[in-house]
Structures are given as structure tokens and as C-alpha cells.
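Have a look at the structure below before the remarks.
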Amino acid sequence: MIYREAGQFKTTYPEDQQIFPIRQDRYAMAAILAVAFCVIPLVASDYWFTAILIPFLILSLAALGLNILTGYTGQLSLGTAGFMAVGAFAAFNFVLRVPGMPVLLAFFLAGLTAALVGLAFGLPSLRIKGFYLAVATLAAQFFIEWVLIKFGWFSNYNSSGVISAQKIVILGYEFTTPRSKYLLTLCIVALLALAAKNMVRSETGRSWMAVRDMDIAAEVIGIRIFRVKLLAFAVSSFYCGVAGALWAFAYLGSVEPAAFTLERSFQILFMIIIGGVGSILGSFLGAAFIVLLPILLNVGAHYIPWVARDLLSNLELIIFGALIIFFLAVEPHGLARLWQIGKEKLRLWPFPH
Amino acid sequence: MTFFFEVLIGGLLAGVMYSLVALGFVLIYKASGVFNFAQGAMVFFAALTFVSFVERGLNFWLAFAVTLAVMIALGFAIERLMLRPLVNQPQITLFMATIGLAYFIEGLAQGLWGAQVHAIELPIKDVPFTVAGVNVSQFDLFISGTAGVLVIALAAFFNYTRIGRALRAVADDHQAALSIGIPLERIWAIVWAVAGFVALVAGLLWGSRTGVQFALTFTALKALPVLILGGFESIAGAIVGGLIIGASEKLAEVYIGSSIGLNIGTGIENWFPYALAMVFLLIRPEGLFGERRIERV
């Protein structure tokens with residue numbers, strides 16, 4: 001009854017082509033943005049900002065990047081964390097070595113650097129497919145980690161390879177409190193998510209999906225596969241690079257290459273599996289799930305006194321693994337699909353026939 | 001020159017160790033088309049279970065038998081609880097499910113047996129002996145022998161038995177295999193049980209080398225370049241790939257580092273095999289012995 005598009009007529013082309021064609025969706029989106037920008041900064045505590053909201057937003061961004069490559073273009077990548085590391089270290093070096101470099105520009109350039117690296121590692125994708133490619137992207141992960149540890153130049157010759165992100169100053173305003181960092185991250189993530197949404201519903205996105213569904217058929221109908229695949233690698237790495245830069249600047253403050261290991265790549269892969277492969281909304285839902293799950297498990301364990309601490313971390317692994325298998329078996333399309341099914345049910349309710 | 005040969009032989013024998021793990025991957029891929037990322041976790045689980053039984057007073061063979069039973073039970077449980085609901089899903093879904101499985105088994109192994117490092121005593125003396133001036137470890141030779149026996153046995157199993165042929169049919173097409181009456185469930189359970197057995201052997205040999213610890217799960221990452229070099233479907237490929245990777249990795253570490261004069265040789269073993277495998281892939285995208293795929297629209 002409430003969620004129904006009856007009576008909403010589209011009389012112009014722009015109306016037909018808008019991102020959220022249904023009015024209720026527009027209101028819901030506006031409400032979510034209003035809560036994120038206005039309500040949360042007023043009510044959330046510093047713990048919420050630093051431990052939950054900022055990592056959630058940044059990981060959503062990385063998941064968005066991976067979703068573009070894996071979900072929309074069908075190229076399984078296990079090197080996400082490597083590209084995040086490129087972004088983090090690039091942003092650090094741009095601010096360090098170029099005098100007067102604005103931080104936002106540094107983030108942008110860090111994204112571009114990651115995109116270039118992504119392009120280089122995307123080159124084999126023309127010949128190598130499927131799992132062979134997934135393993136090839138592991139090469140990116142390990143190679144980047146090794147380069148960043150091996151050559152001191154990248155971490156400004158810090159003996160343990162740690163970089164301390166510089167202060168974020170934009171137009172003379174210094175972002176020091178968790179609240180301000182949250183708002184900055186939120187702005188960047190919202191803008192990039194909007195860009196991604198528009199990309200995937202444009203010609204670019206359709207050619208990505210054509211390549212995903214069947215690359216040979218896509219080639220036959222005149223899509224230049226090589227360009228499309230490389231573009232996906234570049235865009236995906238750009239998102240991951242910006243996420244990495246934010247991870248260093250807005251979240252941790254100081255990071256080392258060990259913050260971007262294969263574990264992180266898998267974590268982000270799980271986000272898109274659980275959230276929904278090939279869905280923008282899914283990236284956010286998956287990130288929320290993966291960020292909140294360990295916290296919830298931890299809180300839950302406080303109420304069960306007989307669980308020992310070391311058992312708890314193993315239990316976490318077990319539950320985590322079981323949940324992933326469960327999700328894949330029950331709903332291979334993830335939380336985003338559940339949401340879609342829910343919407344469909346809502347449209348018909350209360351008369352299901 | 002002696003030094004070169006020593007490095008080469010050391011590398012080749014290390015490569016056999018990689019091949020052992022890669023064998024488990026090939027087995028499951030060949031038989032069910034699943035790229036089993038949990039193989040490393042299974043190696044860890046098998047070794048840890050074995051060691052824990054030995055430490056509780058069982059003798060070697062009894063512990064081996066009990067662990068084998070546990071691995072077979074694990075194989076059947078995986079089939080029942082994970083694979084059966086996922087029949088006919090795309091390969092990528094199955095792959096991701098095995099990543100979940102890897103987490104599950106890692107948590108299970110440590111939750112059951114604790115996370116300490118254990119040592120395995122195998123009843124083999126590790127005395128090096130000399131052939132034409134080159135030191136060879138007896139233990140390494142034993143490993144190579146084991147790997148050789150395993151490969152011959154598995155190759156015979158796949159090519160000459162009814163079950164072996166059924167396995168290959170299942171790998172080609174789940175649905176077609178089901179429609180001609182191959183019992184998919186039983187076949188999968190068998191192949192996962194056999195993979196559990198291979199994992200147990202690999203776990204014992206790796207464990208006696210490095211100690212039974214969490215790092216054993218990373219053997220999977222060592223085996224991946226071997227796999228893509230040799231081809232996912234080929235048992236022979238796993239062995240040849242292992243030898244190539246093992247030898248070139250050691251040679252590269254010793255010679256590339258010193259010849260350039262920079263100290264970059266150290267630590268390249270993490271990515272060098274991958275880079276090498278990628279170069280091979282650019283020439284043969286399905287690996288050295290992989291089946292060539294003919295794609296049609």
C-alpha cells in the first residue's frame with residue numbers, strides 16, 4: 001500500500017531516466033542522506049565514529065570498487081588490498097614531497113596512481129580468464145606489499161615501514177575531531193557512490209555487464225573488450241586507491257603495508273558476496289554486515305561467561321565461515337537481493353494476488 | 001657449479017612439497033570443477049589433528065588411521081552441508097564458498113586443538129648423503145618418493161576405474177552427469193575424502209619440516225602458482241609445475257639478488273612464483289598441461 005508507484009506518471013525523458021524513478025525511493029534516499037549528514041553527527045559518540053562509522057564508510061568504498069570489477073565486469077580480483085595500499089602510500093608521498101599539495105587533490109592523485117597500477121595488473125586479463133586471472137591478481141597483492149616494504153623511499157625511510165598520515169587541512173580548516181573526519185569521508189564516499197551508480201547505468205556499465213555475462217558474445221556485438229576490461233580495472237583501482245588513502249588519513253592516522261594484506265582483500269570480497277555481487281547498495285550492506293559482525297559477536301560473548309577468550313576468536317572464524325557458506329547456499333545474490341524481494345512483497349501487500 | 005646444482009636440487013625438492021599440496025587442488029578441480037581454496041586449511045587441520053592424537057598417546061599408525069577417518073568424515077560433511085545446496089551454481093560461487101570453508105576449518109582446528117606449534121616426528125632419518133659432490137637430504141628423497149607414488153596411484157585411479165571416469169564426467173558438466181545417472185553426491189563425497197587423504201600426507205610432510213602451525217594454511221598460497229603454471233586439470237602439471245616453480249624460485253633468490261648487486265633478492269619468494277606463472281600464462285593461458293577451452297557464443 002505504502003510502497004507503490006501507481007499514479008506516478010513519467011511525462012518527460014529526464015523523469016524516465018532519473019536514478020530513482022519511484023518517488024518513495026527518492027524520499028527514502030533523501031531521508032538516509034539527511035540522517036547521515038545531519039542526525040548522526042549530532043548524536044553519535046566518538047567511539048561510534050572511530051570504531052564503526054568511518055571504517056564502514058571506507059570499506060564500503062573499497063567494496064564498491066571491487067564490485068565494479070568483480071560484480072559488474074566479472075573479473076575476480078584478489079588484489080584489492082594491494083590497490084588500497086598503493087592509494088595510501090601515494091597520498092602520503094604526494095603530500096610529503098609536493099609542497100603546498102592540497103589534501104583532496106592528493107587523494108585524487110592517489111586514486112589515479114592506483115588506477116595506473118591497476119591498469120598494469122589488468123593487462124593480462126585479455127588473455128587470462130577466470131581462476132587463472134584471480135591467481136594472477138594475487139601476484140599484484142604480493143608484489144605491491146613487497147615493493148612497499150622493500151624500498152624505503154615509499155615510507156620516507158621509516159625503519160619499520162610505517163607512514164604517519166599528515167594532517168588533513170582543507171581551505172585552512174583542520175580536520176582533527178572524529179566527527180569532522182566522518183563528515184569528510186561521508187562526502188567523498190557519497191560523491192563516488194553517485195558516480196558509480198551513474199556509471200553502471202550508462203553505456204559504460206552496460207558494456208561491463210555484457211563482458212561479464214559472456215565476453216565473446218560482447219566482442220561479437222562490437223564491444224571493445226580490452227578497453228572495457230582495462231577501464232573496469234582502472235576505475236575499480238581508483239576507488240580502492242581513494243579508499244586506501246582515506247584508510248590512512250581519516251581512519252588510522254598511521255599505517256604500514258601489513259594493514260593491507262591478503263586478509264583485507266578477502267574481507268572486501270566477502271563484503272560484496274554477502275552484500276550482493278553486482279549491486280551498489282549491496283556494497284554498503286555487505287560492508288555494514290562485515291564491520292558489525294565481529295563487534296556483535298564480541299558483545300554477544302560478554303553475555304556467555306563460559307566462552308574463553310582464545311576460543312572466542314576461533315568461534316568468530318567458524319561463525320564467519322559458516323555464515324558465508326549459508327549465504328551462498330540460501331541467497332547467492334546477497335543482502336541486496338533480499339531487499340529487492342522485500343520491496344516486491346511490499347508492492348503487493350496486502351493483496352498478494 | 002656444485003653450488004648451482006645444490007641450489008637446483010634443493011629447489012626441485014622444495015617444489016615437490018608444493019606439488020603435494022597442489023595435488024589436492026587438482027584432484028578436487030578435476031572431479032568437481034570446484035577450485036578448493038580450503039585445501040591449505042585442510043592440510044593444517046589434518047596435521048594438527050594427527051599431532052594432537054599422537055600427543056594423547058596413540059601410536060603413529062593408529063593416529064594416522066584415526067585422522068584419516070576424521071578427514072573422510074570431514075569430506076562427507078562438506079559434501080552434505082556445503083556442496084549439495086550449491087549444485088549447479090556458477091564456479092565463482094563455489095570458489096567463494098570454499099573461502100568460507102577455509103575460515104571455518106581454520107577456526108575449527110584451532111578451537112579443537114589449540115593454537116600452539118607442535119612438532120611431528122616421522123620415522124625417517126634425515127641424514128644428508130653425497131652424490132657426485134652434491135648434498136642430498138634423505139628426507140627430501142622420501143618426500144619425492146611419496147609424491148611419485150601418490151601421482152601414479154591417482155593417475156591410475158582417474159584413468160582406469162569406473163569411479164575415476166565418473167569423476168571426470170562430473171567435472172565436465174554437473175547436469176549432464178546427473179542426467180546419465182552418475183550419483184553426484186557420492187562422487188563428490190569420495191573425491192573430497194581422497195583430497196582429505198592427500199591433505200593428510202602433505203600435512204605430515206610439511207609439518208615435520210616446519211612444525212605444525214597456522215602458517216601451514218599458507219601452503220595453499222604456495223601451491224597456487226604451481227597450479228596455474230601446470231594447469232588446473234592436470235596431475236602431471238602439478239608435479240612439473242612444482243618442480244619448475246621450486247627450482248626457479250631458489251635460483252632466482254640466490255642469483256638475481258647477487259648479480260644485480262642490489263639486495264633485492266630477499267623476500268621475493270612471495271611473489272616471484274606468481275610473476276613466473278603469469279609469464280607462462282601469457283603464452284599458454286590454460287597452463288602447461290591444462291585442457292584448452294574452446295569457447296562458443
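Within each chain, counting starts at residue 1; across the C-alpha cells, chains are named A, B, ... in the order shown, with ligands numbered 1 upward in that order.
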
So which bits of stretch 12-214 of chain B end up helix (DSSP H, G or I) when you DSSP the backbone, as a count of residues only? 156

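Here is the contact set of chain A against chain B, at 6 Å and counting only C-alpha atoms: Ile128, Ala139, Phe142, Phe143, Ala217, Leu311, Asn314, Leu317, Ile318, Gly321, Ile324, Ile325 and Ala329 of chain A.
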
For C-alpha atoms, I'd like the residues from the last selection saved as an mmCIF file, in the first residue's frame.
```
data_model
loop_
_atom_site.group_PDB
_atom_site.id
_atom_site.type_symbol
_atom_site.label_atom_id
_atom_site.label_comp_id
_atom_site.auth_asym_id
_atom_site.auth_seq_id
_atom_site.Cartn_x
_atom_site.Cartn_y
_atom_site.Cartn_z
ATOM 1 C CA ILE A 128 43.842 -14.978 -18.933
ATOM 2 C CA ALA A 139 50.590 -11.516 -7.847
ATOM 3 C CA PHE A 142 52.092 -9.827 -3.023
ATOM 4 C CA PHE A 143 54.203 -7.709 -5.370
ATOM 5 C CA ALA A 217 29.308 -12.536 -27.333
ATOM 6 C CA LEU A 311 38.107 -19.819 21.902
ATOM 7 C CA ASN A 314 38.181 -19.180 16.726
ATOM 8 C CA LEU A 317 36.184 -17.633 12.395
ATOM 9 C CA ILE A 318 33.828 -20.594 12.470
ATOM 10 C CA GLY A 321 32.910 -19.107 7.548
ATOM 11 C CA ILE A 324 29.381 -17.179 4.170
ATOM 12 C CA ILE A 325 28.529 -20.698 3.084
ATOM 13 C CA ALA A 329 23.550 -21.518 -0.391
#
```

Find the spatial neighbours of stretch 337-346 of chain A, counting only C-alpha atoms, within a cut-off of 9 Å - ignore same-chain residues fewer than 3 positions away - and output them as a PyMOL selection string. chain A and resi 1-4+275-276+279+282+331-334+349-350+352

Export of prior selection with N, CA and C atoms as a PDB file, in the first residue's frame:
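And here is the file that came out, result-v4.pdb:
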```
ATOM      1  N   MET A   1       0.831  -1.202   0.000  1.00  0.00           N
ATOM      2  CA  MET A   1       0.000   0.000   0.000  1.00  0.00           C
ATOM      3  C   MET A   1       0.864   1.250   0.000  1.00  0.00           C
ATOM      4  N   ILE A   2       1.862   1.226   0.911  1.00  0.00           N
ATOM      5  CA  ILE A   2       2.674   2.436   1.037  1.00  0.00           C
ATOM      6  C   ILE A   2       3.653   2.526  -0.123  1.00  0.00           C
ATOM      7  N   TYR A   3       4.259   1.361  -0.446  1.00  0.00           N
ATOM      8  CA  TYR A   3       5.306   1.361  -1.453  1.00  0.00           C
ATOM      9  C   TYR A   3       4.708   0.965  -2.792  1.00  0.00           C
ATOM     10  N   ARG A   4       4.202   1.905  -3.526  1.00  0.00           N
ATOM     11  CA  ARG A   4       3.564   1.570  -4.794  1.00  0.00           C
ATOM     12  C   ARG A   4       3.733   2.742  -5.744  1.00  0.00           C
ATOM     13  N   GLY A 275      26.889  -8.832   0.576  1.00  0.00           N
ATOM     14  CA  GLY A 275      26.035  -7.706   0.235  1.00  0.00           C
ATOM     15  C   GLY A 275      25.282  -7.927  -1.062  1.00  0.00           C
ATOM     16  N   GLY A 276      25.976  -8.458  -2.041  1.00  0.00           N
ATOM     17  CA  GLY A 276      25.334  -8.642  -3.335  1.00  0.00           C
ATOM     18  C   GLY A 276      26.318  -8.315  -4.438  1.00  0.00           C
ATOM     19  N   SER A 279      25.907  -4.970  -7.296  1.00  0.00           N
ATOM     20  CA  SER A 279      24.904  -4.078  -6.740  1.00  0.00           C
ATOM     21  C   SER A 279      25.601  -2.993  -5.921  1.00  0.00           C
ATOM     22  N   GLY A 282      24.401  -3.207  -2.431  1.00  0.00           N
ATOM     23  CA  GLY A 282      24.999  -4.382  -1.801  1.00  0.00           C
ATOM     24  C   GLY A 282      26.355  -4.101  -1.199  1.00  0.00           C
ATOM     25  N   GLU A 331      20.998 -17.559  -0.509  1.00  0.00           N
ATOM     26  CA  GLU A 331      20.748 -16.420  -1.385  1.00  0.00           C
ATOM     27  C   GLU A 331      22.052 -15.998  -2.049  1.00  0.00           C
ATOM     28  N   PRO A 332      22.381 -16.618  -3.188  1.00  0.00           N
ATOM     29  CA  PRO A 332      23.672 -16.315  -3.818  1.00  0.00           C
ATOM     30  C   PRO A 332      23.787 -14.858  -4.251  1.00  0.00           C
ATOM     31  N   HIS A 333      22.676 -14.137  -4.298  1.00  0.00           N
ATOM     32  CA  HIS A 333      22.765 -12.749  -4.735  1.00  0.00           C
ATOM     33  C   HIS A 333      22.848 -11.768  -3.580  1.00  0.00           C
ATOM     34  N   GLY A 334      22.893 -12.282  -2.364  1.00  0.00           N
ATOM     35  CA  GLY A 334      23.231 -11.424  -1.245  1.00  0.00           C
ATOM     36  C   GLY A 334      22.095 -10.602  -0.666  1.00  0.00           C
ATOM     37  N   TRP A 349       1.643  -6.106  -1.105  1.00  0.00           N
ATOM     38  CA  TRP A 349       0.969  -6.180   0.175  1.00  0.00           C
ATOM     39  C   TRP A 349      -0.172  -5.176   0.244  1.00  0.00           C
ATOM     40  N   PRO A 350      -1.335  -5.412   0.773  1.00  0.00           N
ATOM     41  CA  PRO A 350      -1.719  -6.655   1.445  1.00  0.00           C
ATOM     42  C   PRO A 350      -2.492  -7.613   0.547  1.00  0.00           C
ATOM     43  N   PRO A 352      -1.693 -10.182  -2.127  1.00  0.00           N
ATOM     44  CA  PRO A 352      -0.575 -10.798  -2.843  1.00  0.00           C
ATOM     45  C   PRO A 352      -0.945 -11.383  -4.211  1.00  0.00           C
TER      46      PRO A 352
END
```

Would you pick out the contacts of A:Tyr47 at 9 Å or less, using only C-alpha atoms, so that residues sharing its chain but fewer than 4 positions from it are not included, and give the list as a list in words? Ala51, Ile52 and Pro178 of chain A

Store the residues of this selection in a file with N, CA and C atoms, as a short mmCIF file (atom, residue, chain, number, x, y, z; two decimals), in the first residue's frame.
```cif
data_model
loop_
_atom_site.label_atom_id
_atom_site.label_comp_id
_atom_site.auth_asym_id
_atom_site.auth_seq_id
_atom_site.Cartn_x
_atom_site.Cartn_y
_atom_site.Cartn_z
N ALA A 51 35.30 3.76 15.56
CA ALA A 51 35.35 2.30 15.52
C ALA A 51 34.39 1.69 14.52
N ILE A 52 33.33 2.41 14.19
CA ILE A 52 32.33 1.78 13.34
C ILE A 52 32.06 2.58 12.06
N PRO A 178 36.97 13.29 15.34
CA PRO A 178 36.36 12.17 14.60
C PRO A 178 35.14 12.61 13.81
#
```

For each of B:Ile9, B:Ala220, B:Ala169, B:Ala155, take the minimum atom-to-atom distance to B:Gly203, counting only C-alpha atoms, then give the residue where this is smallest. B:Ala220

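Within stretch 108-297 of chain B, residues classed as strand (DSSP E) by DSSP on backbone coordinates are Pro128, Phe129, Thr130, Val131, Val134, Asn135, Val136 and Ser137 of chain B.
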
Filtering to N, CA and C atoms, could you give me those residues as a PDB file, in the first residue's frame?
```
ATOM      1  N   PRO B 128      71.764 -36.301   5.525  1.00  0.00           N
ATOM      2  CA  PRO B 128      72.129 -35.983   4.148  1.00  0.00           C
ATOM      3  C   PRO B 128      73.238 -36.911   3.649  1.00  0.00           C
ATOM      4  N   PHE B 129      73.209 -37.290   2.391  1.00  0.00           N
ATOM      5  CA  PHE B 129      74.327 -38.035   1.829  1.00  0.00           C
ATOM      6  C   PHE B 129      74.756 -37.376   0.519  1.00  0.00           C
ATOM      7  N   THR B 130      75.879 -37.812   0.020  1.00  0.00           N
ATOM      8  CA  THR B 130      76.502 -37.082  -1.070  1.00  0.00           C
ATOM      9  C   THR B 130      76.493 -37.906  -2.349  1.00  0.00           C
ATOM     10  N   VAL B 131      75.990 -37.288  -3.422  1.00  0.00           N
ATOM     11  CA  VAL B 131      76.048 -37.935  -4.731  1.00  0.00           C
ATOM     12  C   VAL B 131      76.859 -37.033  -5.638  1.00  0.00           C
ATOM     13  N   VAL B 134      77.369 -33.540  -4.475  1.00  0.00           N
ATOM     14  CA  VAL B 134      76.215 -32.708  -4.165  1.00  0.00           C
ATOM     15  C   VAL B 134      75.475 -33.310  -2.972  1.00  0.00           C
ATOM     16  N   ASN B 135      75.202 -32.482  -1.977  1.00  0.00           N
ATOM     17  CA  ASN B 135      74.495 -32.962  -0.799  1.00  0.00           C
ATOM     18  C   ASN B 135      73.005 -33.135  -1.093  1.00  0.00           C
ATOM     19  N   VAL B 136      72.479 -34.296  -0.752  1.00  0.00           N
ATOM     20  CA  VAL B 136      71.053 -34.533  -0.940  1.00  0.00           C
ATOM     21  C   VAL B 136      70.487 -35.014   0.391  1.00  0.00           C
ATOM     22  N   SER B 137      69.324 -34.474   0.748  1.00  0.00           N
ATOM     23  CA  SER B 137      68.722 -34.891   2.004  1.00  0.00           C
ATOM     24  C   SER B 137      67.877 -36.139   1.787  1.00  0.00           C
TER      25      SER B 137
END
```

What's around A:Glu256 at 8 Å? Count only C-alpha atoms, leave out sequence neighbours fewer than 3 positions away in its own chain, and write the answer as a PyMOL selection string. chain A and resi 160-163+259-260

Could you dump the residues just selected with C-alpha atoms as a PDB file, in the first residue's frame?
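Wrote it out as part-v9.pdb, contents follow:
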```
ATOM      1  CA  SER A 160      59.548  -0.145  10.259  1.00  0.00           C
ATOM      2  CA  GLY A 161      57.821   0.931   7.054  1.00  0.00           C
ATOM      3  CA  VAL A 162      55.107   2.854   8.867  1.00  0.00           C
ATOM      4  CA  ILE A 163      53.733   6.046   7.360  1.00  0.00           C
ATOM      5  CA  ALA A 259      47.478  -3.228   7.138  1.00  0.00           C
ATOM      6  CA  PHE A 260      46.775  -4.193   3.539  1.00  0.00           C
TER       7      PHE A 260
END
```

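The two atoms in question, atom CA of A:Val228 and atom CA of A:Gln141, are spaced 22.3 Å apart.
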
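Comparing the minimum interatomic distances between A:Leu231 and each of A:Thr137, A:Thr177, A:Thr204, A:Thr261, counting only C-alpha atoms, we find that A:Thr204 sits nearest.
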
For A:Ile144, which of A:Cys38, A:Ile68, A:Ile295, A:Ala81 is the closest residue, counting only C-alpha atoms? A:Ala81

Could you give me, as a VMD selection string, the residues within 10 Å of B:Ser32, counting only C-alpha atoms and dropping anything in the same chain fewer than 6 positions from it? chain B and resid 26 83 91 167 to 174 184 187 to 188 191 to 192

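As for atom CA of A:Pro21 and atom CA of A:Ala210, they are spaced 23.6 Å apart.
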
Using only C-alpha atoms, the shortest atom-to-atom distance to A:Leu61 among A:Phe326, A:Trp247, A:Phe351, A:Phe37 belongs to A:Trp247

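Distance annotation: of B:Val43, B:Ala147, B:Leu200, B:Ile235, the residue with the minimal separation from B:Leu68 is B:Leu200; atom set is only C-alpha atoms.
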
Measure the distance from atom CA of A:Asp46 to atom CA of A:Thr185 in Å and round it to one decimal. 14.9 Å

Long-range neighbours of A:Ser254 as a ChimeraX atom specification, 12 Å cut-off, only C-alpha atoms, 4 positions minimum in chain: /A:88-89,92,155,158,160-167,244-250,258-259

Write out, as a tab-separated table (two decimals), in the first residue's frame, the residues just selected, with N, CA and C atoms.
```
chain	number	residue	atom	x	y	z
A	88	ALA	N	47.10	4.58	-0.33
A	88	ALA	CA	47.54	5.15	0.95
A	88	ALA	C	48.95	5.72	0.83
A	89	PHE	N	49.84	4.92	0.27
A	89	PHE	CA	51.24	5.37	0.20
A	89	PHE	C	51.41	6.49	-0.83
A	92	PHE	N	50.24	9.74	0.82
A	92	PHE	CA	51.27	10.17	1.78
A	92	PHE	C	52.43	10.84	1.06
A	155	SER	N	58.06	4.85	2.23
A	155	SER	CA	57.63	5.21	3.58
A	155	SER	C	58.54	6.28	4.15
A	158	ASN	N	61.22	5.29	6.87
A	158	ASN	CA	60.87	4.90	8.23
A	158	ASN	C	61.36	3.47	8.45
A	160	SER	N	60.48	0.98	10.24
A	160	SER	CA	59.55	-0.15	10.26
A	160	SER	C	58.51	-0.05	9.15
A	161	GLY	N	58.72	0.87	8.20
A	161	GLY	CA	57.82	0.93	7.05
A	161	GLY	C	56.48	1.57	7.35
A	162	VAL	N	56.38	2.24	8.50
A	162	VAL	CA	55.11	2.85	8.87
A	162	VAL	C	55.05	4.27	8.31
A	163	ILE	N	53.90	4.65	7.75
A	163	ILE	CA	53.73	6.05	7.36
A	163	ILE	C	52.76	6.70	8.32
A	164	SER	N	53.08	7.94	8.70
A	164	SER	CA	52.14	8.69	9.52
A	164	SER	C	51.49	9.72	8.62
A	165	ALA	N	50.18	9.55	8.45
A	165	ALA	CA	49.47	10.44	7.54
A	165	ALA	C	49.53	11.87	8.07
A	166	GLN	N	49.68	12.82	7.13
A	166	GLN	CA	49.73	14.22	7.53
A	166	GLN	C	48.35	14.69	7.97
A	167	LYS	N	48.34	15.90	8.55
A	167	LYS	CA	47.04	16.46	8.95
A	167	LYS	C	46.21	16.75	7.72
A	244	GLY	N	41.99	3.50	0.19
A	244	GLY	CA	43.24	3.30	0.93
A	244	GLY	C	43.75	4.60	1.51
A	245	ALA	N	43.69	5.68	0.71
A	245	ALA	CA	44.16	6.98	1.20
A	245	ALA	C	43.34	7.41	2.41
A	246	LEU	N	42.02	7.22	2.33
A	246	LEU	CA	41.17	7.58	3.47
A	246	LEU	C	41.48	6.71	4.68
A	247	TRP	N	41.76	5.42	4.40
A	247	TRP	CA	42.08	4.48	5.48
A	247	TRP	C	43.26	5.03	6.28
A	248	ALA	N	44.26	5.57	5.55
A	248	ALA	CA	45.43	6.11	6.23
A	248	ALA	C	45.14	7.45	6.87
A	249	PHE	N	44.46	8.34	6.13
A	249	PHE	CA	44.35	9.72	6.59
A	249	PHE	C	43.20	9.91	7.57
A	250	ALA	N	42.04	9.32	7.26
A	250	ALA	CA	40.88	9.62	8.08
A	250	ALA	C	40.66	8.59	9.18
A	258	ALA	N	51.49	-3.84	6.26
A	258	ALA	CA	50.82	-5.01	6.85
A	258	ALA	C	49.34	-4.76	7.09
A	259	ALA	N	48.91	-3.48	6.98
A	259	ALA	CA	47.48	-3.23	7.14
A	259	ALA	C	46.71	-3.63	5.89
```
